[in-house]
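Undergrad: Quick one: structure below, then a few questions.
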Amino acid sequence: MKCIILAAGYATRLYPLTKNTPKPLLKVAGKVIVEHIISKVEELELVDNIYIVTNDKFSQDFVDWLNNFDAKKTIKIVNDRTKNNDDRLGALGDINYTINTKNIDDDVIVIAGDNLFELSLKEFVTIFDEKKQNMVVLHDVKSMELAKYYGVVQIDENRTVVNFEEKPVSPKSTLISTGIYLFPKKTLPLIKKYIDQGNNTDKSGSFIEWLHKRAEVYAYVTDETWYDIGSFKQLEEANKNFKG
């Protein structure tokens, strides 16, 4: 299994803090965000390579960070060659770019690089290894108002995804996608198909919205602490409360 950490955004909502520092390299609870993520991935025996996909502007920052990081697994920095927010490939574009340039032909776990979560990924991966179907980690925000800001998911009694809406005006659920996905090897061609059809490549959730109508997608629901570092308020809350 390969891991792709999405870190190619420009985080303009956090300017000036992220003008010269990539968001995943901001410090929270004593270490940079991406190190919190990697510590979770390093618990997974099935993962043999971690790819951190970033952009041309911040690629050297990640290389410099990696040179001073004591990794337990092989980590490679992938430069998607984009230079600003206007020419970015988007989450799906970056996943596809990494799969193609690194010749990935394996199951893939994808994690958004601004994710902070206390959940252990072990059970999630164990269930996936049994099912060999697409899976997504969901978190119950317990508020319809809050759900409007995320990818909202509805599931059935078997925890199969039956509906997905990105930032809906009227959410049908308080279950939201956390930006953690598992795709079996057989799904990789569908990522290319999705892009070739001209679909939105910016949000990984948009792909799930498309995918669940064509293949089974199962949900793993957690109530453990999770932060999506998309604003100064969330960053401040994470610094106060996140334990890692």
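In the structure tokens, the first chain shown is A, the next is B, and so on; residue numbers restart at 1 for each chain, and ligands run from 1 in the order shown.
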Determine, counting only C-alpha atoms, which protein, DNA and RNA residues have an atom within 10 Å of an atom of A:Lys102; residues of the same chain fewer than 6 positions away are not included. Present the result as a PyMOL selection string.
TA: chain A and resi 51+76+78+96
Undergrad: Mind running stretch 1-71 of chain A against stretch 119-137 of chain A at 10 Å and telling me each contacting residue's nearest atom pair with the distance in Å (one decimal), counting only C-alpha atoms, chain and number ascending, as a Markdown table?
TA:
```
| residue | atom | partner | partner_atom | distance |
| --- | --- | --- | --- | --- |
| A:Met1 | CA | A:Val125 | CA | 10.0 |
| A:Ser39 | CA | A:Ser120 | CA | 9.7 |
| A:Lys40 | CA | A:Ser120 | CA | 6.3 |
| A:Val41 | CA | A:Leu121 | CA | 7.3 |
| A:Glu42 | CA | A:Leu121 | CA | 9.8 |
| A:Glu43 | CA | A:Lys122 | CA | 7.1 |
| A:Leu44 | CA | A:Lys122 | CA | 6.2 |
| A:Glu45 | CA | A:Lys122 | CA | 8.9 |
| A:Leu46 | CA | A:Val125 | CA | 8.5 |
| A:Val47 | CA | A:Val125 | CA | 9.9 |
```
Undergrad: Just list the residues in stretch 52-227 of chain A DSSP gives helix (DSSP H, G or I) on the backbone, as a PDB file with N, CA and C atoms, in the first residue's frame.
TA:
```
ATOM      1  N   SER A  59       8.235  23.181  -2.764  1.00  0.00           N
ATOM      2  CA  SER A  59       8.928  21.894  -2.856  1.00  0.00           C
ATOM      3  C   SER A  59      10.227  21.872  -2.055  1.00  0.00           C
ATOM      4  N   GLN A  60      11.035  22.923  -2.173  1.00  0.00           N
ATOM      5  CA  GLN A  60      12.311  22.955  -1.461  1.00  0.00           C
ATOM      6  C   GLN A  60      12.113  23.002   0.048  1.00  0.00           C
ATOM      7  N   ASP A  61      11.031  23.661   0.494  1.00  0.00           N
ATOM      8  CA  ASP A  61      10.729  23.696   1.929  1.00  0.00           C
ATOM      9  C   ASP A  61      10.521  22.283   2.468  1.00  0.00           C
ATOM     10  N   PHE A  62       9.812  21.451   1.699  1.00  0.00           N
ATOM     11  CA  PHE A  62       9.572  20.072   2.128  1.00  0.00           C
ATOM     12  C   PHE A  62      10.842  19.238   2.064  1.00  0.00           C
ATOM     13  N   VAL A  63      11.661  19.480   1.041  1.00  0.00           N
ATOM     14  CA  VAL A  63      12.936  18.769   0.934  1.00  0.00           C
ATOM     15  C   VAL A  63      13.819  19.097   2.138  1.00  0.00           C
ATOM     16  N   ASP A  64      13.893  20.373   2.488  1.00  0.00           N
ATOM     17  CA  ASP A  64      14.700  20.800   3.640  1.00  0.00           C
ATOM     18  C   ASP A  64      14.168  20.197   4.939  1.00  0.00           C
ATOM     19  N   TRP A  65      12.831  20.197   5.074  1.00  0.00           N
ATOM     20  CA  TRP A  65      12.221  19.593   6.266  1.00  0.00           C
ATOM     21  C   TRP A  65      12.565  18.112   6.339  1.00  0.00           C
ATOM     22  N   LEU A  66      12.422  17.386   5.215  1.00  0.00           N
ATOM     23  CA  LEU A  66      12.657  15.940   5.197  1.00  0.00           C
ATOM     24  C   LEU A  66      14.108  15.605   5.531  1.00  0.00           C
ATOM     25  N   ASN A  67      15.020  16.450   5.102  1.00  0.00           N
ATOM     26  CA  ASN A  67      16.440  16.225   5.392  1.00  0.00           C
ATOM     27  C   ASN A  67      16.740  16.242   6.889  1.00  0.00           C
ATOM     28  N   GLY A  90      -5.227  20.821  -8.166  1.00  0.00           N
ATOM     29  CA  GLY A  90      -6.333  20.371  -7.327  1.00  0.00           C
ATOM     30  C   GLY A  90      -6.009  19.007  -6.728  1.00  0.00           C
ATOM     31  N   ALA A  91      -6.783  18.610  -5.742  1.00  0.00           N
ATOM     32  CA  ALA A  91      -6.515  17.361  -5.024  1.00  0.00           C
ATOM     33  C   ALA A  91      -6.485  16.149  -5.949  1.00  0.00           C
ATOM     34  N   LEU A  92      -7.499  16.025  -6.808  1.00  0.00           N
ATOM     35  CA  LEU A  92      -7.548  14.877  -7.716  1.00  0.00           C
ATOM     36  C   LEU A  92      -6.429  14.924  -8.742  1.00  0.00           C
ATOM     37  N   GLY A  93      -6.124  16.124  -9.222  1.00  0.00           N
ATOM     38  CA  GLY A  93      -5.016  16.280 -10.158  1.00  0.00           C
ATOM     39  C   GLY A  93      -3.707  15.851  -9.533  1.00  0.00           C
ATOM     40  N   ASP A  94      -3.517  16.193  -8.265  1.00  0.00           N
ATOM     41  CA  ASP A  94      -2.283  15.822  -7.570  1.00  0.00           C
ATOM     42  C   ASP A  94      -2.209  14.328  -7.286  1.00  0.00           C
ATOM     43  N   ILE A  95      -3.344  13.724  -6.953  1.00  0.00           N
ATOM     44  CA  ILE A  95      -3.362  12.268  -6.762  1.00  0.00           C
ATOM     45  C   ILE A  95      -2.982  11.576  -8.067  1.00  0.00           C
ATOM     46  N   ASN A  96      -3.609  12.001  -9.147  1.00  0.00           N
ATOM     47  CA  ASN A  96      -3.356  11.402 -10.461  1.00  0.00           C
ATOM     48  C   ASN A  96      -1.910  11.627 -10.896  1.00  0.00           C
ATOM     49  N   TYR A  97      -1.398  12.830 -10.647  1.00  0.00           N
ATOM     50  CA  TYR A  97      -0.015  13.171 -11.009  1.00  0.00           C
ATOM     51  C   TYR A  97       0.967  12.259 -10.267  1.00  0.00           C
ATOM     52  N   THR A  98       0.719  12.049  -8.981  1.00  0.00           N
ATOM     53  CA  THR A  98       1.601  11.200  -8.181  1.00  0.00           C
ATOM     54  C   THR A  98       1.533   9.743  -8.640  1.00  0.00           C
ATOM     55  N   ILE A  99       0.324   9.255  -8.895  1.00  0.00           N
ATOM     56  CA  ILE A  99       0.157   7.879  -9.390  1.00  0.00           C
ATOM     57  C   ILE A  99       0.931   7.678 -10.683  1.00  0.00           C
ATOM     58  N   ASN A 100       0.834   8.657 -11.597  1.00  0.00           N
ATOM     59  CA  ASN A 100       1.486   8.524 -12.909  1.00  0.00           C
ATOM     60  C   ASN A 100       3.000   8.662 -12.835  1.00  0.00           C
ATOM     61  N   THR A 101       3.480   9.705 -12.133  1.00  0.00           N
ATOM     62  CA  THR A 101       4.925   9.958 -12.120  1.00  0.00           C
ATOM     63  C   THR A 101       5.684   8.949 -11.267  1.00  0.00           C
ATOM     64  N   LYS A 122      -5.304   2.114  12.121  1.00  0.00           N
ATOM     65  CA  LYS A 122      -5.106   0.657  12.022  1.00  0.00           C
ATOM     66  C   LYS A 122      -6.390  -0.101  11.694  1.00  0.00           C
ATOM     67  N   GLU A 123      -7.473   0.174  12.443  1.00  0.00           N
ATOM     68  CA  GLU A 123      -8.729  -0.542  12.218  1.00  0.00           C
ATOM     69  C   GLU A 123      -9.313  -0.201  10.841  1.00  0.00           C
ATOM     70  N   PHE A 124      -9.215   1.057  10.472  1.00  0.00           N
ATOM     71  CA  PHE A 124      -9.675   1.515   9.153  1.00  0.00           C
ATOM     72  C   PHE A 124      -9.009   0.703   8.048  1.00  0.00           C
ATOM     73  N   VAL A 125      -7.704   0.541   8.142  1.00  0.00           N
ATOM     74  CA  VAL A 125      -6.945  -0.194   7.123  1.00  0.00           C
ATOM     75  C   VAL A 125      -7.241  -1.694   7.195  1.00  0.00           C
ATOM     76  N   THR A 126      -7.442  -2.226   8.391  1.00  0.00           N
ATOM     77  CA  THR A 126      -7.767  -3.651   8.538  1.00  0.00           C
ATOM     78  C   THR A 126      -9.088  -3.986   7.855  1.00  0.00           C
ATOM     79  N   ILE A 127     -10.094  -3.136   8.076  1.00  0.00           N
ATOM     80  CA  ILE A 127     -11.397  -3.339   7.428  1.00  0.00           C
ATOM     81  C   ILE A 127     -11.260  -3.236   5.911  1.00  0.00           C
ATOM     82  N   PHE A 128     -10.494  -2.247   5.469  1.00  0.00           N
ATOM     83  CA  PHE A 128     -10.260  -2.093   4.029  1.00  0.00           C
ATOM     84  C   PHE A 128      -9.590  -3.337   3.454  1.00  0.00           C
ATOM     85  N   ASP A 129      -8.623  -3.879   4.152  1.00  0.00           N
ATOM     86  CA  ASP A 129      -7.880  -5.038   3.659  1.00  0.00           C
ATOM     87  C   ASP A 129      -8.784  -6.251   3.504  1.00  0.00           C
ATOM     88  N   GLU A 130      -9.860  -6.284   4.304  1.00  0.00           N
ATOM     89  CA  GLU A 130     -10.840  -7.373   4.182  1.00  0.00           C
ATOM     90  C   GLU A 130     -11.801  -7.124   3.023  1.00  0.00           C
ATOM     91  N   LYS A 131     -12.267  -5.883   2.897  1.00  0.00           N
ATOM     92  CA  LYS A 131     -13.276  -5.556   1.889  1.00  0.00           C
ATOM     93  C   LYS A 131     -12.686  -5.316   0.502  1.00  0.00           C
ATOM     94  N   MET A 144     -25.999  20.716  11.837  1.00  0.00           N
ATOM     95  CA  MET A 144     -26.333  20.947  10.435  1.00  0.00           C
ATOM     96  C   MET A 144     -25.678  22.242   9.925  1.00  0.00           C
ATOM     97  N   GLU A 145     -25.580  23.219  10.799  1.00  0.00           N
ATOM     98  CA  GLU A 145     -24.988  24.500  10.406  1.00  0.00           C
ATOM     99  C   GLU A 145     -23.504  24.327  10.088  1.00  0.00           C
ATOM    100  N   LEU A 146     -22.817  23.587  10.935  1.00  0.00           N
ATOM    101  CA  LEU A 146     -21.384  23.345  10.737  1.00  0.00           C
ATOM    102  C   LEU A 146     -21.142  22.458   9.521  1.00  0.00           C
ATOM    103  N   ALA A 147     -22.050  21.521   9.286  1.00  0.00           N
ATOM    104  CA  ALA A 147     -21.904  20.588   8.167  1.00  0.00           C
ATOM    105  C   ALA A 147     -21.875  21.293   6.811  1.00  0.00           C
ATOM    106  N   LYS A 185      -6.444  -0.769  -5.641  1.00  0.00           N
ATOM    107  CA  LYS A 185      -5.736  -0.645  -6.921  1.00  0.00           C
ATOM    108  C   LYS A 185      -6.703  -0.527  -8.109  1.00  0.00           C
ATOM    109  N   LYS A 186      -7.824  -1.257  -8.047  1.00  0.00           N
ATOM    110  CA  LYS A 186      -8.773  -1.274  -9.168  1.00  0.00           C
ATOM    111  C   LYS A 186      -9.449   0.077  -9.396  1.00  0.00           C
ATOM    112  N   THR A 187      -9.396   0.973  -8.399  1.00  0.00           N
ATOM    113  CA  THR A 187     -10.036   2.286  -8.537  1.00  0.00           C
ATOM    114  C   THR A 187      -9.135   3.303  -9.243  1.00  0.00           C
ATOM    115  N   LEU A 188      -7.845   3.063  -9.295  1.00  0.00           N
ATOM    116  CA  LEU A 188      -6.918   4.045  -9.861  1.00  0.00           C
ATOM    117  C   LEU A 188      -7.280   4.476 -11.293  1.00  0.00           C
ATOM    118  N   PRO A 189      -7.692   3.556 -12.181  1.00  0.00           N
ATOM    119  CA  PRO A 189      -8.101   3.996 -13.525  1.00  0.00           C
ATOM    120  C   PRO A 189      -9.330   4.919 -13.502  1.00  0.00           C
ATOM    121  N   LEU A 190     -10.182   4.770 -12.476  1.00  0.00           N
ATOM    122  CA  LEU A 190     -11.368   5.623 -12.379  1.00  0.00           C
ATOM    123  C   LEU A 190     -10.991   7.064 -12.034  1.00  0.00           C
ATOM    124  N   ILE A 191      -9.883   7.237 -11.331  1.00  0.00           N
ATOM    125  CA  ILE A 191      -9.404   8.592 -11.026  1.00  0.00           C
ATOM    126  C   ILE A 191      -9.051   9.305 -12.335  1.00  0.00           C
ATOM    127  N   LYS A 192      -8.346   8.592 -13.198  1.00  0.00           N
ATOM    128  CA  LYS A 192      -8.000   9.155 -14.515  1.00  0.00           C
ATOM    129  C   LYS A 192      -9.253   9.427 -15.336  1.00  0.00           C
ATOM    130  N   LYS A 193     -10.203   8.492 -15.307  1.00  0.00           N
ATOM    131  CA  LYS A 193     -11.457   8.657 -16.059  1.00  0.00           C
ATOM    132  C   LYS A 193     -12.210   9.891 -15.579  1.00  0.00           C
ATOM    133  N   TYR A 194     -12.270  10.071 -14.264  1.00  0.00           N
ATOM    134  CA  TYR A 194     -12.945  11.225 -13.667  1.00  0.00           C
ATOM    135  C   TYR A 194     -12.348  12.533 -14.186  1.00  0.00           C
ATOM    136  N   ILE A 195     -11.039  12.599 -14.221  1.00  0.00           N
ATOM    137  CA  ILE A 195     -10.350  13.800 -14.693  1.00  0.00           C
ATOM    138  C   ILE A 195     -10.558  13.993 -16.193  1.00  0.00           C
ATOM    139  N   ASP A 196     -10.435  12.907 -16.953  1.00  0.00           N
ATOM    140  CA  ASP A 196     -10.592  12.981 -18.413  1.00  0.00           C
ATOM    141  C   ASP A 196     -11.982  13.451 -18.826  1.00  0.00           C
ATOM    142  N   SER A 204     -11.215  16.529  -3.270  1.00  0.00           N
ATOM    143  CA  SER A 204     -11.254  15.068  -3.325  1.00  0.00           C
ATOM    144  C   SER A 204     -12.666  14.555  -3.065  1.00  0.00           C
ATOM    145  N   GLY A 205     -13.455  15.311  -2.282  1.00  0.00           N
ATOM    146  CA  GLY A 205     -14.833  14.921  -2.022  1.00  0.00           C
ATOM    147  C   GLY A 205     -15.691  14.876  -3.273  1.00  0.00           C
ATOM    148  N   SER A 206     -15.375  15.735  -4.236  1.00  0.00           N
ATOM    149  CA  SER A 206     -16.130  15.735  -5.500  1.00  0.00           C
ATOM    150  C   SER A 206     -15.960  14.410  -6.231  1.00  0.00           C
ATOM    151  N   PHE A 207     -14.786  13.812  -6.073  1.00  0.00           N
ATOM    152  CA  PHE A 207     -14.549  12.490  -6.680  1.00  0.00           C
ATOM    153  C   PHE A 207     -15.395  11.425  -5.989  1.00  0.00           C
ATOM    154  N   ILE A 208     -15.511  11.499  -4.661  1.00  0.00           N
ATOM    155  CA  ILE A 208     -16.335  10.534  -3.925  1.00  0.00           C
ATOM    156  C   ILE A 208     -17.793  10.666  -4.347  1.00  0.00           C
ATOM    157  N   GLU A 209     -18.226  11.902  -4.566  1.00  0.00           N
ATOM    158  CA  GLU A 209     -19.590  12.161  -5.037  1.00  0.00           C
ATOM    159  C   GLU A 209     -19.842  11.446  -6.363  1.00  0.00           C
ATOM    160  N   TRP A 210     -18.860  11.458  -7.228  1.00  0.00           N
ATOM    161  CA  TRP A 210     -18.922  10.802  -8.542  1.00  0.00           C
ATOM    162  C   TRP A 210     -18.744   9.291  -8.402  1.00  0.00           C
ATOM    163  N   LEU A 211     -17.804   8.885  -7.558  1.00  0.00           N
ATOM    164  CA  LEU A 211     -17.417   7.479  -7.450  1.00  0.00           C
ATOM    165  C   LEU A 211     -18.510   6.598  -6.861  1.00  0.00           C
TER     166      LEU A 211
END
```
Undergrad: Could you pull out the residues in stretch 31-62 of chain A that DSSP calls strand (DSSP E or B) from the backbone, as a list in words?
TA: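 Secondary structure check on stretch 31-62 of chain A, strand (DSSP E or B): Lys31, Val32, Asn49, Ile50, Tyr51, Ile52, Val53 and Thr54 of chain A.
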Undergrad: If you count only C-alpha atoms, which residues fall within 8 Å of stretch 160-163 of chain A, apart from same-chain ones fewer than 2 positions away, as number ranges by chain?
TA: A: 153-158, 165, 209, 212, 216-219
Undergrad: With N, CA and C atoms kept, could you save the residues just selected as a PDB file, in the first residue's frame?
TA:
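Result file is selection37.pdb:
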```pdb
ATOM      1  N   VAL A 153     -22.007  13.510   3.985  1.00  0.00           N
ATOM      2  CA  VAL A 153     -22.210  12.140   3.523  1.00  0.00           C
ATOM      3  C   VAL A 153     -23.422  11.506   4.196  1.00  0.00           C
ATOM      4  N   GLN A 154     -24.194  10.769   3.399  1.00  0.00           N
ATOM      5  CA  GLN A 154     -25.257   9.927   3.939  1.00  0.00           C
ATOM      6  C   GLN A 154     -24.869   8.474   3.713  1.00  0.00           C
ATOM      7  N   ILE A 155     -25.119   7.642   4.731  1.00  0.00           N
ATOM      8  CA  ILE A 155     -24.796   6.224   4.604  1.00  0.00           C
ATOM      9  C   ILE A 155     -26.014   5.385   4.959  1.00  0.00           C
ATOM     10  N   ASP A 156     -26.025   4.122   4.504  1.00  0.00           N
ATOM     11  CA  ASP A 156     -27.133   3.227   4.838  1.00  0.00           C
ATOM     12  C   ASP A 156     -26.754   2.344   6.032  1.00  0.00           C
ATOM     13  N   GLU A 157     -27.584   1.351   6.313  1.00  0.00           N
ATOM     14  CA  GLU A 157     -27.355   0.504   7.494  1.00  0.00           C
ATOM     15  C   GLU A 157     -26.076  -0.323   7.380  1.00  0.00           C
ATOM     16  N   ASN A 158     -25.576  -0.505   6.155  1.00  0.00           N
ATOM     17  CA  ASN A 158     -24.331  -1.246   5.949  1.00  0.00           C
ATOM     18  C   ASN A 158     -23.108  -0.324   5.881  1.00  0.00           C
ATOM     19  N   GLU A 165     -22.477  15.310  -0.789  1.00  0.00           N
ATOM     20  CA  GLU A 165     -22.624  16.676  -1.299  1.00  0.00           C
ATOM     21  C   GLU A 165     -21.520  17.554  -0.726  1.00  0.00           C
ATOM     22  N   GLU A 209     -18.226  11.902  -4.566  1.00  0.00           N
ATOM     23  CA  GLU A 209     -19.590  12.161  -5.037  1.00  0.00           C
ATOM     24  C   GLU A 209     -19.842  11.446  -6.363  1.00  0.00           C
ATOM     25  N   HIS A 212     -19.215   7.077  -5.840  1.00  0.00           N
ATOM     26  CA  HIS A 212     -20.171   6.196  -5.153  1.00  0.00           C
ATOM     27  C   HIS A 212     -21.346   5.798  -6.045  1.00  0.00           C
ATOM     28  N   GLU A 216     -18.781   0.735  -5.073  1.00  0.00           N
ATOM     29  CA  GLU A 216     -19.107   0.790  -3.649  1.00  0.00           C
ATOM     30  C   GLU A 216     -18.082   1.636  -2.891  1.00  0.00           C
ATOM     31  N   VAL A 217     -18.593   2.481  -2.014  1.00  0.00           N
ATOM     32  CA  VAL A 217     -17.751   3.269  -1.116  1.00  0.00           C
ATOM     33  C   VAL A 217     -18.287   3.067   0.294  1.00  0.00           C
ATOM     34  N   TYR A 218     -17.422   2.591   1.181  1.00  0.00           N
ATOM     35  CA  TYR A 218     -17.832   2.332   2.563  1.00  0.00           C
ATOM     36  C   TYR A 218     -17.309   3.424   3.499  1.00  0.00           C
ATOM     37  N   ALA A 219     -18.055   3.652   4.561  1.00  0.00           N
ATOM     38  CA  ALA A 219     -17.692   4.683   5.527  1.00  0.00           C
ATOM     39  C   ALA A 219     -17.141   4.063   6.805  1.00  0.00           C
TER      40      ALA A 219
END
```
Undergrad: Nearest to A:Asp107 among A:Lys233, A:Lys2, A:Lys167, A:Lys243, with distances taken over only C-alpha atoms: which residue is it?
TA: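 Result for the nearest residue to A:Asp107: A:Lys2.
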Undergrad: At a cut-off of 6 Å, using only C-alpha atoms, what residues contact A:Ile33? Leave out same-chain residues fewer than 5 positions from it and give the result as a PyMOL selection string.
TA: chain A and resi 24-25+27
Undergrad: Considering only C-alpha atoms, return as a ChimeraX atom specification whatever protein or nucleic-acid residues lie within 7 Å of A:Asn79, sequence-local ones (same chain, fewer than 2 positions apart) excluded.
TA: /A:53-56,59,77,81
Undergrad: May I have the residues within 10 Å of A:His36 as a ChimeraX atom specification, using only C-alpha atoms and disregarding those fewer than 6 positions away in the same chain?
TA: /A:24,27-30,113,115-118,243-244
